[in-house]
>>> print(open('entry-v6.txt').read())   # compact mmCIF, C-alpha atoms
# COMPACT_ATOMS: atom_id res chain seq x y z
CA MET A 1 -92.06 -69.92 -53.89
CA LYS A 2 -90.49 -67.18 -55.96
CA ASP A 3 -92.01 -63.76 -55.29
CA ALA A 4 -94.24 -65.08 -52.50
CA HIS A 5 -95.34 -62.42 -50.04
CA GLY A 6 -96.41 -64.79 -47.28
CA VAL A 7 -96.47 -68.39 -46.14
CA VAL A 8 -99.08 -70.35 -44.18
CA ILE A 9 -97.87 -73.64 -42.73
CA ILE A 10 -100.64 -75.92 -41.51
CA PHE A 11 -99.72 -79.03 -39.57
CA ASN A 12 -101.33 -81.74 -37.50
CA ALA A 13 -100.53 -80.74 -33.93
CA ASP A 14 -101.44 -84.22 -32.72
CA LEU A 15 -98.48 -85.81 -34.55
CA PRO A 16 -95.06 -85.13 -32.97
CA SER A 17 -93.32 -85.90 -36.28
CA HIS A 18 -95.01 -82.88 -37.83
CA LEU A 19 -93.16 -80.56 -35.45
CA LYS A 20 -89.88 -81.63 -37.10
CA GLU A 21 -91.36 -81.41 -40.59
CA ILE A 22 -92.50 -77.81 -40.16
CA GLU A 23 -88.89 -76.84 -39.43
CA MET A 24 -88.01 -78.06 -42.94
CA TRP A 25 -90.96 -76.20 -44.49
CA TYR A 26 -89.99 -73.05 -42.58
CA SER A 27 -86.42 -73.33 -43.85
CA CYS A 28 -87.51 -73.85 -47.48
CA PHE A 29 -90.38 -71.40 -47.72
CA VAL A 30 -89.39 -68.65 -45.28
CA GLN A 31 -85.65 -68.58 -44.56
CA GLN A 32 -84.38 -69.53 -48.02
CA GLN A 33 -86.79 -67.07 -49.65
CA PHE A 34 -85.73 -64.31 -47.22
CA LEU A 35 -89.28 -63.69 -46.04
CA GLN A 36 -89.70 -61.80 -42.79
CA ASP A 37 -91.12 -63.83 -39.91
CA PRO A 38 -94.30 -61.72 -39.59
CA ARG A 39 -95.18 -62.91 -43.08
CA CYS A 40 -95.43 -66.51 -41.85
CA LEU A 41 -98.44 -68.00 -40.09
CA LEU A 42 -98.38 -71.39 -38.38
CA ILE A 43 -101.69 -73.18 -37.97
CA ALA A 44 -101.66 -76.10 -35.55
CA HIS A 45 -104.69 -78.16 -36.50
CA HIS A 46 -106.26 -80.43 -33.92
CA LYS A 47 -108.56 -83.16 -35.13
CA PRO A 48 -112.01 -83.23 -33.51
CA GLY A 49 -112.03 -85.36 -30.39
CA SER A 50 -108.24 -85.49 -30.12
CA GLY A 51 -108.37 -83.87 -26.70
CA SER A 52 -105.02 -82.19 -27.30
CA ASP A 53 -103.93 -79.33 -25.09
CA LYS A 54 -103.95 -76.29 -27.38
CA GLY A 55 -101.56 -74.35 -25.20
CA HIS A 56 -98.80 -76.97 -24.95
CA LEU A 57 -96.75 -77.08 -28.14
CA THR A 58 -92.98 -76.94 -27.93
CA LEU A 59 -91.61 -75.32 -31.06
CA SER A 60 -87.96 -74.93 -31.99
CA PRO A 61 -86.44 -71.44 -31.49
CA PRO A 62 -86.90 -70.17 -35.05
CA LEU A 63 -90.53 -71.33 -35.06
CA SER A 64 -91.39 -70.12 -31.57
CA LYS A 65 -91.27 -66.48 -32.67
CA LEU A 66 -93.86 -66.99 -35.43
CA LYS A 67 -97.57 -66.32 -35.08
CA LEU A 68 -99.20 -69.60 -34.04
CA VAL A 69 -102.92 -70.24 -34.30
CA HIS A 70 -104.64 -73.39 -33.09
CA SER A 71 -107.52 -74.69 -35.18
CA ASN A 72 -110.29 -77.14 -34.61
CA LEU A 73 -112.98 -76.71 -37.21
CA GLU A 74 -115.65 -78.44 -35.14
CA ASP A 75 -115.12 -76.46 -31.95
CA ASP A 76 -114.45 -72.97 -33.30
CA PRO A 77 -114.30 -72.51 -37.09
CA GLU A 78 -114.91 -68.77 -36.77
CA GLU A 79 -111.69 -68.22 -34.80
CA ILE A 80 -109.46 -69.62 -37.53
CA ARG A 81 -111.35 -67.67 -40.19
CA LEU A 82 -110.83 -64.40 -38.30
CA GLU A 83 -107.14 -65.12 -37.70
CA PHE A 84 -106.61 -65.93 -41.37
CA ILE A 85 -108.33 -62.70 -42.45
CA LYS A 86 -106.15 -60.74 -40.02
CA TYR A 87 -103.07 -62.43 -41.48
CA LEU A 88 -104.12 -61.65 -45.07
CA LYS A 89 -104.74 -58.01 -44.16
CA SER A 90 -101.24 -57.75 -42.69
CA ILE A 91 -99.72 -59.19 -45.87
CA ILE A 92 -101.73 -56.81 -48.06
CA ASN A 93 -100.70 -53.82 -45.92
CA SER A 94 -97.06 -54.85 -46.01
CA VAL A 95 -97.05 -55.29 -49.80
CA SER A 96 -98.87 -51.98 -50.26
CA GLU A 97 -96.39 -50.12 -48.04
CA SER A 98 -93.47 -51.67 -49.90
CA ARG A 99 -94.95 -50.68 -53.24
CA ASP A 100 -95.56 -47.13 -51.99
CA ARG A 101 -91.94 -46.83 -50.85
CA GLU A 102 -90.72 -48.13 -54.21
CA GLU A 103 -92.90 -45.63 -56.09
CA MET A 104 -91.66 -42.76 -53.92
CA SER A 105 -88.04 -43.72 -54.54
CA ILE A 106 -88.69 -43.62 -58.29
CA ILE A 107 -90.37 -40.20 -58.05
CA THR A 108 -87.60 -38.60 -55.96
>>> encode(input="entry-v6.txt", output="structure tokens")
Amino acid sequence: MKDAHGVVIIFNADLPSHLKEIEMWYSCFVQQQFLQDPRCLLIAHHKPGSGSDKGHLTLSPPLSKLKLVHSNLEDDPEEIRLEFIKYLKSIINSVSESRDREEMSIIT
């Protein structure tokens, strides 16, 4: 966890108990490590044939402001791949900007 730049939390959206568990993971990996919320990605995985409603997940207030992506690898594997790449690019940009600011502060 130390020096992590981002966190991806993947959970089974078909199990209500997982909604409580991701609060604990969020607390440990994001809040306690002082990561900014945009550096966290939630992936709600739906098992093939579960018939779950992708749009109806009730998340607790701290989790509801995080980026949430629904995945079902049988129905649309490309969507999750594209979202993950977008997330990685945002982390890389953020780290690069932070490093640039640090270097400029050393120079000046």
>>> atom_distance(input="entry-v6.txt", atom1="atom CA of A:Val69", atom2="atom CA of A:Leu42")
6.2 Å
>>> atom_distance(input="entry-v6.txt", atom1="atom CA of A:Gln32", atom2="atom CA of A:Ala44")
22.3 Å
>>> closest_residue(input="entry-v6.txt", among="A:Met1, A:Ile107, A:Ile91, A:Ile10", to="A:Gln31", atoms="all atoms listed in the file")
A:Met1
>>> closest_residue(input="entry-v6.txt", among="A:Pro38, A:Pro77, A:Pro48, A:Pro62", to="A:Met24", atoms="all atoms listed in the file")
A:Pro62
>>> residues_around(input="entry-v6.txt", residues="A:Leu66", least_positions_apart="6", cutoff="10 Å", atoms="only C-alpha atoms", output="list in words")
Gln36, Asp37, Pro38, Arg39, Cys40, Leu41, Leu42 and Leu59 of chain A
>>> residues_near_point(input="entry-v6.txt", point="(-98.2, -81.1, -34.8)", cutoff="12 Å", atoms="only C-alpha atoms", output="PyMOL selection string")
chain A and resi 9-23+42-47+50+52-54+56-59+68-71
>>> atom_distance(input="entry-v6.txt", atom1="atom CA of A:Ser27", atom2="atom CA of A:Ile85")
24.4 Å
>>> residues_near_point(input="entry-v6.txt", point="(-98.2, -64.8, -49.6)", cutoff="12 Å", atoms="all atoms listed in the file", output="JSON, numbers by chain")
{"A": [1, 2, 3, 4, 5, 6, 7, 8, 9, 29, 30, 33, 35, 36, 38, 39, 40, 41, 84, 87, 88, 89, 90, 91, 92, 93, 94, 95]}
>>> axis_aligned_box(input="entry-v6.txt", around="stretch 82-93 of chain A", padding_each_side="6 Å", output="JSON")
{"center_x": -105.3, "center_y": -59.9, "center_z": -42.9, "size_x": 23.1, "size_y": 24.1, "size_z": 22.4}
